[in-house]
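Take a look at the structure set out below.
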Protein chains: 4
Amino acid sequence: MASNSFGNLFKITTWGESHGKAIGVVIDGCPAGISLNDEMINLELERRIPGKTKYTSPRKETDQAEILSGIFEGKTTGAPISILIWNRDVQSSQYESVKHLYKPGHANYTYLNKYGCFDFRGGGRSSARETACRVAAGAVAKQILSDLGVDIVAYLSGAGSIQQDFLLSDVATYQEIRGKVQGSSIFCPHQETESKIQALIEETIEAKDSIGGLIEAVAFNVPSGWGDPIYEKLEANLAKAMLSIPASKGFEIGCGFDSASMRGSVHNDTYQVVDQTVELSSNKAGGTLGGISTGMPIVIRVPFKPTSSIAREQNTATLSGEAAKISLPVGSRHDPCVAIRAVPVVEAMFALVLVDAMLMNKSVIHVKT
Amino acid sequence: MASNSFGNLFKITTWGESHGKAIGVVIDGCPAGISLNDEMINLELERRIPGKTKYTSPRKETDQAEILSGIFEGKTTGAPISILIWNRDVQSSQYESVKHLYKPGHANYTYLNKYGCFDFRGGGRSSARETACRVAAGAVAKQILSDLGVDIVAYLSGAGSIQQDFLLSDVATYQEIRGKVQGSSIFCPHQETESKIQALIEETIEAKDSIGGLIEAVAFNVPSGWGDPIYEKLEANLAKAMLSIPASKGFEIGCGFDSASMRGSVHNDTYQVVDQTVELSSNKAGGTLGGISTGMPIVIRVPFKPTSSIAREQNTATLSGEAAKISLPVGSRHDPCVAIRAVPVVEAMFALVLVDAMLMNKSVIHVKT
Amino acid sequence: MASNSFGNLFKITTWGESHGKAIGVVIDGCPAGISLNDEMINLELERRIPGKTKYTSPRKETDQAEILSGIFEGKTTGAPISILIWNRDVQSSQYESVKHLYKPGHANYTYLNKYGCFDFRGGGRSSARETACRVAAGAVAKQILSDLGVDIVAYLSGAGSIQQDFLLSDVATYQEIRGKVQGSSIFCPHQETESKIQALIEETIEAKDSIGGLIEAVAFNVPSGWGDPIYEKLEANLAKAMLSIPASKGFEIGCGFDSASMRGSVHNDTYQVVDQTVELSSNKAGGTLGGISTGMPIVIRVPFKPTSSIAREQNTATLSGEAAKISLPVGSRHDPCVAIRAVPVVEAMFALVLVDAMLMNKSVIHVKT
Amino acid sequence: MASNSFGNLFKITTWGESHGKAIGVVIDGCPAGISLNDEMINLELERRIPGKTKYTSPRKETDQAEILSGIFEGKTTGAPISILIWNRDVQSSQYESVKHLYKPGHANYTYLNKYGCFDFRGGGRSSARETACRVAAGAVAKQILSDLGVDIVAYLSGAGSIQQDFLLSDVATYQEIRGKVQGSSIFCPHQETESKIQALIEETIEAKDSIGGLIEAVAFNVPSGWGDPIYEKLEANLAKAMLSIPASKGFEIGCGFDSASMRGSVHNDTYQVVDQTVELSSNKAGGTLGGISTGMPIVIRVPFKPTSSIAREQNTATLSGEAAKISLPVGSRHDPCVAIRAVPVVEAMFALVLVDAMLMNKSVIHVKT
């Protein structure tokens, strides 16, 4: 398939199955001279570790990443960075009881149709566990961006029937949002919304069901000029990045779907002169025009479907084509709202896209030297 | 920038500015043996020609495509197909009067920041005129798909305050939808919605304003197995394709953003056995699971912002940094609702993604021969 | 096949058959701000025009290139540059008489096996005519390099039994070599060798035969640091570039094949300190170490097989599988030594590889700004 | 740099430094259903292990490869295959004494110029140790080819002043050559040549020097139709593959450099009809025409320079720009003729190119289904 890489100049390749020996990522194209160590990766990984609260899966993953290459004397050398995470706390036996069944909402149906085989243990390659590798690579990307003053924050802005109704990027700084997100067990920076979602999740678990959720993410301080016209538009690569995350079902930038019902005189961001510099006077566009960053915050939203694995019984079929019922195997561990754990993944993918666009941007203007 | 290509195995590269000598596209990777001629391309191009009705720009483009290579005795040979469209009816002089101004909602601000120069005539490379090349290439892709029994149809499902409230793919066949879309001057297959949108557009023109719109598109008969896991998911490539279209602001598949507020027990498509074959019993997912097609119709939606060029005066600034006002130059011609003309473009990009996924799929299983 | 593009950041895509309507190239990724016009392209194209002397094919190609996009006010804009060359003086009828025959040394055998069809007129896509597009794109690349002080020159260093025995890059400057190459009708800068080859070619034509030839090329003034380790080594990309030229059969850099019979103490270039700068004291390596340029001249050699089309009768078979004889159709026009016309093509491909490596090199070191 | 991947549909990415914790390779795009286990990889790795005889470096590498992903129940699943090799027997301390010096023939000069830093331990990323990963990946590629009946064998055909003078592919079968190569401690299938080279190597070690060598490789049974026209010619990708191997200085196919001095009437392979099938009557071309395989054996040759690390003292300079002398650190271990250990690497790269071409070939012809 050759589909396990993302990025052009800053390229990651991930590998590994949920219940295999290990998972990992190779980062190719990282500039030389970036400070990096295991701890920086593990701090990011910790954010997506399940088992922290009752709102996420009780599966315990220690997820200690180990950098195996590409670092010398504490800095990147320009060589590929290989990061490995051993799979521990793997309990595959539970999957034996359902390995003959198609799982509603899961990929074993399509993998089997495509490849004629499927590593059924914990979802194999199609498991969200692969996203740990994205977070590890994202930690490196965020370090590069942070050195340039660019910061990204993602947060849960809604789940199920509870949807937040204001845009944080207009009223808060990066530091303020980051502080609130850190303080929330469900990555929700708006306290009232947070409480409601927490109550809804408890109710959902009780009902042996799951709920979807919405993630909003903002990149602050991206200079104007990143992103490329036509097919490598910044928003096009962001859309691809977000739709590559398991369970995501959409993408929007700026006013997004709402723009379909707006008028041009309302949607257009006009220009103003501030301190002799021309700036946009609003940010309806969400940070890009024609695929290239405007200098305003880049604001995106990504909806996640409800977790497919639910405790209640569902209709399905056996691999050999007979009608059947499926229930979660005893002892299997799942998130009631997969969007929560997707928050650091959205941040990571956002960072990967921006670093790639930044590196690409270095070749556009010809300067005689 | 090297950003003017789309696709991996079926790769297109477009070139040309709105008011340059010509525009064109090179298709690389087209299989040998496909029937193809100029007329097949021009039939598709005609669908996006402005000037047909009062609902679109009165600019008259004849847009006669000419195939310059890759065809021998009426069939493709496997060699690159070069399609050229000369630019006629080009009136650049009108742009002289605004060439010193940033245009709200347009890309001249970001292009100038990125490249230090801008071909201001008609928007240059950032003009939607580039999409004629996508439609030309899409005609080839649709021919390939049609030979395999796969059909795609896109339509306007809403504009401004008028939004359609049902999904056609559940109640109508491809032929039925296609027939209704062909019969509508605004590509809207739902007659009541169509009338309302037409009235709204007339009102909008009167108000010297523009409106956004929503496009829905469906691919029928895609076999299960197309698309690749992880970073080349079918929905990821569709999202990238759609966000690469000028003025598009989002993407969703299946229940999309609505899935964020749904419960797993409602969203999951369960399996059923029909004629000894296992099938999905519903299509909430919108045609893919884990990035791979399920065999159900692939249903996507793309919102388009209101046309940025509006007749009323707007605040802006000069390139040299002084506050200014901008109005549309007399004689300039713009669509009141850019989403209408984007309908054939969405269809074309949809087809390009599917053909690429189909070709990629040929290498996944190892058969000894 | 999707095999008609070359390069990563500076990417060309060529299209067109020998006897089709036109041929052309799209250059994607050219930095903005390069001075460019039709004349600069046509000057380069003129160098490979056959019909200039009796030593090359009498086919008359006017080969007027026309830039159709990517230029505004005399400079590149960063948008794709489309260059078109109409095919004139095309006489396809002569090929009718041999279209049912496999042609020894030609690609119609392999194209037919691969694609099941073949545009037999003048070799179709497999014709060396495609290389005109490479020369056109190379003209742009050479302009970029020239602005950076980097110059490339290629020349015929041998043909048939006549082989030159010294390396010009050690004893002559770029300007000196260039001057001599310009002055030679067969691109051979060494007068004695030139005369011998000319005599040999006349003899070869008389014998209704053809001869092979060797091209040497040197890039002067490439700074140390271009090229990437492991799989994108400068020499690896040069080798690919050269072996992509029709009729080329090999590649070497520095001492090349001779290095296989050398000793380390002789082959190693040691270091010396000149004006407080560390430099190589010799250039056995030919300008790279570990895939990255050393700052010394980059010296390569490429052998070309004898022209496959010869006037004398040869054994062959019909497409339907019967033994047959083939002779050149009356009126067909071929080079006695294809290597001569390959000289500007080698220069062009050399330039394409260097520009790509230069652009790639811009992203390797992280500088906080 | 993003330069650590090779291949398009069958893509490998290698990582790891000579004296880091580990090295490894990720194979992306391997078809599902291939039988594979650690042992198959280790059998290939063993062939390149130094320390086997006095003719190669006495460094002891156990090189036990471990497959970490992509296999389920003994077969590939289509998911990425991650192979890891821990670095053992690493003695970095010896490099401390020369870390302030440029090493003649090595890449530390160019790496430092490019990246501003260098992992000096054992050559870091520029070490030939990276080629173990190529051999591991090549083992998978060879398995795929073997299932299709395609076999590749490489051998040492010359070293220093001793050069073999006949082409084995014309007189021997794959099995015969393979048998003789297996039986030779220096991978030389021609006994007389083998003895002479062995004597020369002993003499070379005595002289504290090193020698270059020539490798010939043949692929048997490749069907006609693999490889793509223009820029992805089979020989172009083979050339790139071979020049990406450390210490290689050239490439040729078929008559290669000799073709420059041949006549067309001699070089052309004519066609003959055998059992109603049209075949080439000779193989001067070396197995391809126009970049596509002819069905004849593919025959290539690759020269390797003498090992750069030699025991005798050489002139060099310090990193800080002072003239200096360099000798091999006591205890450092190097091959007298690096070409010997390159034999399995040439085989591996050959296999990678062929598998990629085979997979690409699956998409060229359009069949309605």
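Chain identifiers are assigned as A, B, and so on, following the order in which chains appear in the structure tokens; residues are numbered from 1 within each chain, and ligands are numbered from 1 in order of appearance.
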Please determine the contact residues of chain A with respect to chain C at a cut-off of 8 Å, counting only C-alpha atoms, and supply them as a ChimeraX atom specification.
/A:29-34,78,147-148,359-360,362-366,368-369
Picked from segment 116-356 of chain D by DSSP as helix (DSSP H, G or I), as a ChimeraX atom specification
/D:121-126,128-147,168-170,174-182,191-206,234-243,256-261,264-267,338-356
Would you please give, as a ChimeraX atom specification, all residues of segment 306-346 of chain D that DSSP assigns to strand (DSSP E) based on the backbone?
/D:314-317,323-326
Neighbouring residues of segment 156-166 of chain A were defined as those with any atom within 6 Å, considering only C-alpha atoms; residues of the same chain fewer than 3 positions away were excluded. Please report them as an NGL selection string.
(:A and (187-188 or 211-215)) or (:B and (260-262))
Selection export as a short mmCIF file (atom, residue, chain, number, x, y, z; two decimals), in the first residue's frame, atoms kept: N, CA and C atoms:
data_model
loop_
_atom_site.label_atom_id
_atom_site.label_comp_id
_atom_site.auth_asym_id
_atom_site.auth_seq_id
_atom_site.Cartn_x
_atom_site.Cartn_y
_atom_site.Cartn_z
N PHE A 187 -9.60 17.71 28.16
CA PHE A 187 -9.04 18.68 27.21
C PHE A 187 -10.05 19.74 26.79
N CYS A 188 -10.95 20.09 27.67
CA CYS A 188 -11.95 21.10 27.34
C CYS A 188 -11.68 22.38 28.13
N ILE A 211 -20.28 8.36 22.53
CA ILE A 211 -20.68 9.61 21.87
C ILE A 211 -19.56 10.17 21.00
N GLY A 212 -19.94 10.94 20.02
CA GLY A 212 -18.98 11.63 19.18
C GLY A 212 -18.50 12.91 19.84
N GLY A 213 -17.60 13.61 19.16
CA GLY A 213 -17.10 14.86 19.74
C GLY A 213 -16.49 15.75 18.67
N LEU A 214 -16.33 17.01 19.02
CA LEU A 214 -15.78 17.98 18.06
C LEU A 214 -14.50 18.58 18.63
N ILE A 215 -13.47 18.64 17.82
CA ILE A 215 -12.20 19.24 18.25
C ILE A 215 -11.95 20.51 17.44
N ALA B 260 -20.49 14.12 15.36
CA ALA B 260 -19.95 14.58 16.64
C ALA B 260 -21.02 14.60 17.73
N SER B 261 -22.28 14.71 17.31
CA SER B 261 -23.34 14.78 18.32
C SER B 261 -24.18 13.51 18.36
N MET B 262 -23.70 12.46 17.72
CA MET B 262 -24.46 11.21 17.68
C MET B 262 -23.94 10.21 18.71
#
Could you state the separation of atom CA of Val343 of chain A and atom CA of Ala219 of chain A in Å, given to one decimal place?
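These atoms are spaced 13.9 Å apart.
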Residue among A:Ser308, A:Ser82, A:Ser320, A:Thr110 lying closest to Val273 of chain B, counting only C-alpha atoms
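Looking only at the distances to Val273 of chain B, the closest residue turns out to be A:Ser320.
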For segment 324-326 of chain C: contacts at 10 Å, only C-alpha atoms, fewer than 3 positions along chain excluded, given as a PyMOL selection string:
(chain C and resi 97-98+101-104+310-318+321+329) or (chain D and resi 270-273)
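Omitting Ile67 of chain B and its sequence neighbours fewer than 6 positions away, and counting only C-alpha atoms, the residues within 7 Å are B:Asp38, B:Ile81, B:Ser82, B:Ile83, B:Leu84.
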Writing out the chosen residues with all heavy atoms as a PDB file, in the first residue's frame:
ATOM      1  N   ASP B  38     -11.383  14.759 -28.255  1.00  0.00           N
ATOM      2  CA  ASP B  38     -11.603  16.141 -27.818  1.00  0.00           C
ATOM      3  C   ASP B  38     -13.041  16.369 -27.351  1.00  0.00           C
ATOM      4  O   ASP B  38     -13.289  17.060 -26.357  1.00  0.00           O
ATOM      5  CB  ASP B  38     -11.313  17.123 -28.975  1.00  0.00           C
ATOM      6  CG  ASP B  38      -9.837  17.237 -29.276  1.00  0.00           C
ATOM      7  OD1 ASP B  38      -9.039  16.489 -28.668  1.00  0.00           O
ATOM      8  OD2 ASP B  38      -9.472  18.074 -30.126  1.00  0.00           O
ATOM      9  N   ILE B  81      -1.051  12.519 -21.506  1.00  0.00           N
ATOM     10  CA  ILE B  81      -2.082  13.199 -22.297  1.00  0.00           C
ATOM     11  C   ILE B  81      -2.010  14.685 -21.983  1.00  0.00           C
ATOM     12  O   ILE B  81      -2.227  15.089 -20.847  1.00  0.00           O
ATOM     13  CB  ILE B  81      -3.473  12.650 -21.927  1.00  0.00           C
ATOM     14  CG1 ILE B  81      -3.527  11.143 -22.208  1.00  0.00           C
ATOM     15  CG2 ILE B  81      -4.570  13.390 -22.684  1.00  0.00           C
ATOM     16  CD1 ILE B  81      -4.738  10.453 -21.580  1.00  0.00           C
ATOM     17  N   SER B  82      -1.670  15.475 -22.987  1.00  0.00           N
ATOM     18  CA  SER B  82      -1.595  16.919 -22.790  1.00  0.00           C
ATOM     19  C   SER B  82      -2.843  17.560 -23.385  1.00  0.00           C
ATOM     20  O   SER B  82      -3.150  17.363 -24.554  1.00  0.00           O
ATOM     21  CB  SER B  82      -0.340  17.472 -23.472  1.00  0.00           C
ATOM     22  OG  SER B  82      -0.289  18.874 -23.357  1.00  0.00           O
ATOM     23  N   ILE B  83      -3.544  18.307 -22.553  1.00  0.00           N
ATOM     24  CA  ILE B  83      -4.759  18.989 -23.012  1.00  0.00           C
ATOM     25  C   ILE B  83      -4.555  20.488 -22.891  1.00  0.00           C
ATOM     26  O   ILE B  83      -4.127  20.967 -21.833  1.00  0.00           O
ATOM     27  CB  ILE B  83      -5.979  18.553 -22.180  1.00  0.00           C
ATOM     28  CG1 ILE B  83      -6.154  17.028 -22.247  1.00  0.00           C
ATOM     29  CG2 ILE B  83      -7.244  19.261 -22.652  1.00  0.00           C
ATOM     30  CD1 ILE B  83      -7.250  16.476 -21.346  1.00  0.00           C
ATOM     31  N   LEU B  84      -4.817  21.202 -23.960  1.00  0.00           N
ATOM     32  CA  LEU B  84      -4.587  22.650 -23.971  1.00  0.00           C
ATOM     33  C   LEU B  84      -5.887  23.401 -24.240  1.00  0.00           C
ATOM     34  O   LEU B  84      -6.693  22.989 -25.078  1.00  0.00           O
ATOM     35  CB  LEU B  84      -3.546  22.981 -25.049  1.00  0.00           C
ATOM     36  CG  LEU B  84      -3.081  24.427 -25.124  1.00  0.00           C
ATOM     37  CD1 LEU B  84      -1.561  24.486 -25.302  1.00  0.00           C
ATOM     38  CD2 LEU B  84      -3.759  25.172 -26.255  1.00  0.00           C
TER      39      LEU B  84
END
Give me the residues within 6 Å of segment 234-244 of chain A as a CSV table (one decimal) with C-alpha atoms, in the first residue's frame, counting only C-alpha atoms and dropping any in the same chain fewer than 2 places off.
chain,number,residue,atom,x,y,z
A,227,GLY,CA,1.5,26.8,2.2
A,248,SER,CA,-12.6,11.6,12.0
A,251,PHE,CA,-12.8,19.2,8.4
A,291,GLY,CA,-3.9,28.1,0.3
A,349,MET,CA,-0.9,16.4,12.7
B,230,ILE,CA,-3.4,5.3,7.6
B,231,TYR,CA,-2.3,8.3,5.6
B,236,ALA,CA,-8.2,11.8,3.4
B,237,ASN,CA,-7.5,12.1,-0.3
B,239,ALA,CA,-10.7,15.9,1.7
B,240,LYS,CA,-7.4,17.1,0.2
B,243,LEU,CA,-10.0,21.7,0.0
B,244,SER,CA,-7.7,22.3,-3.0
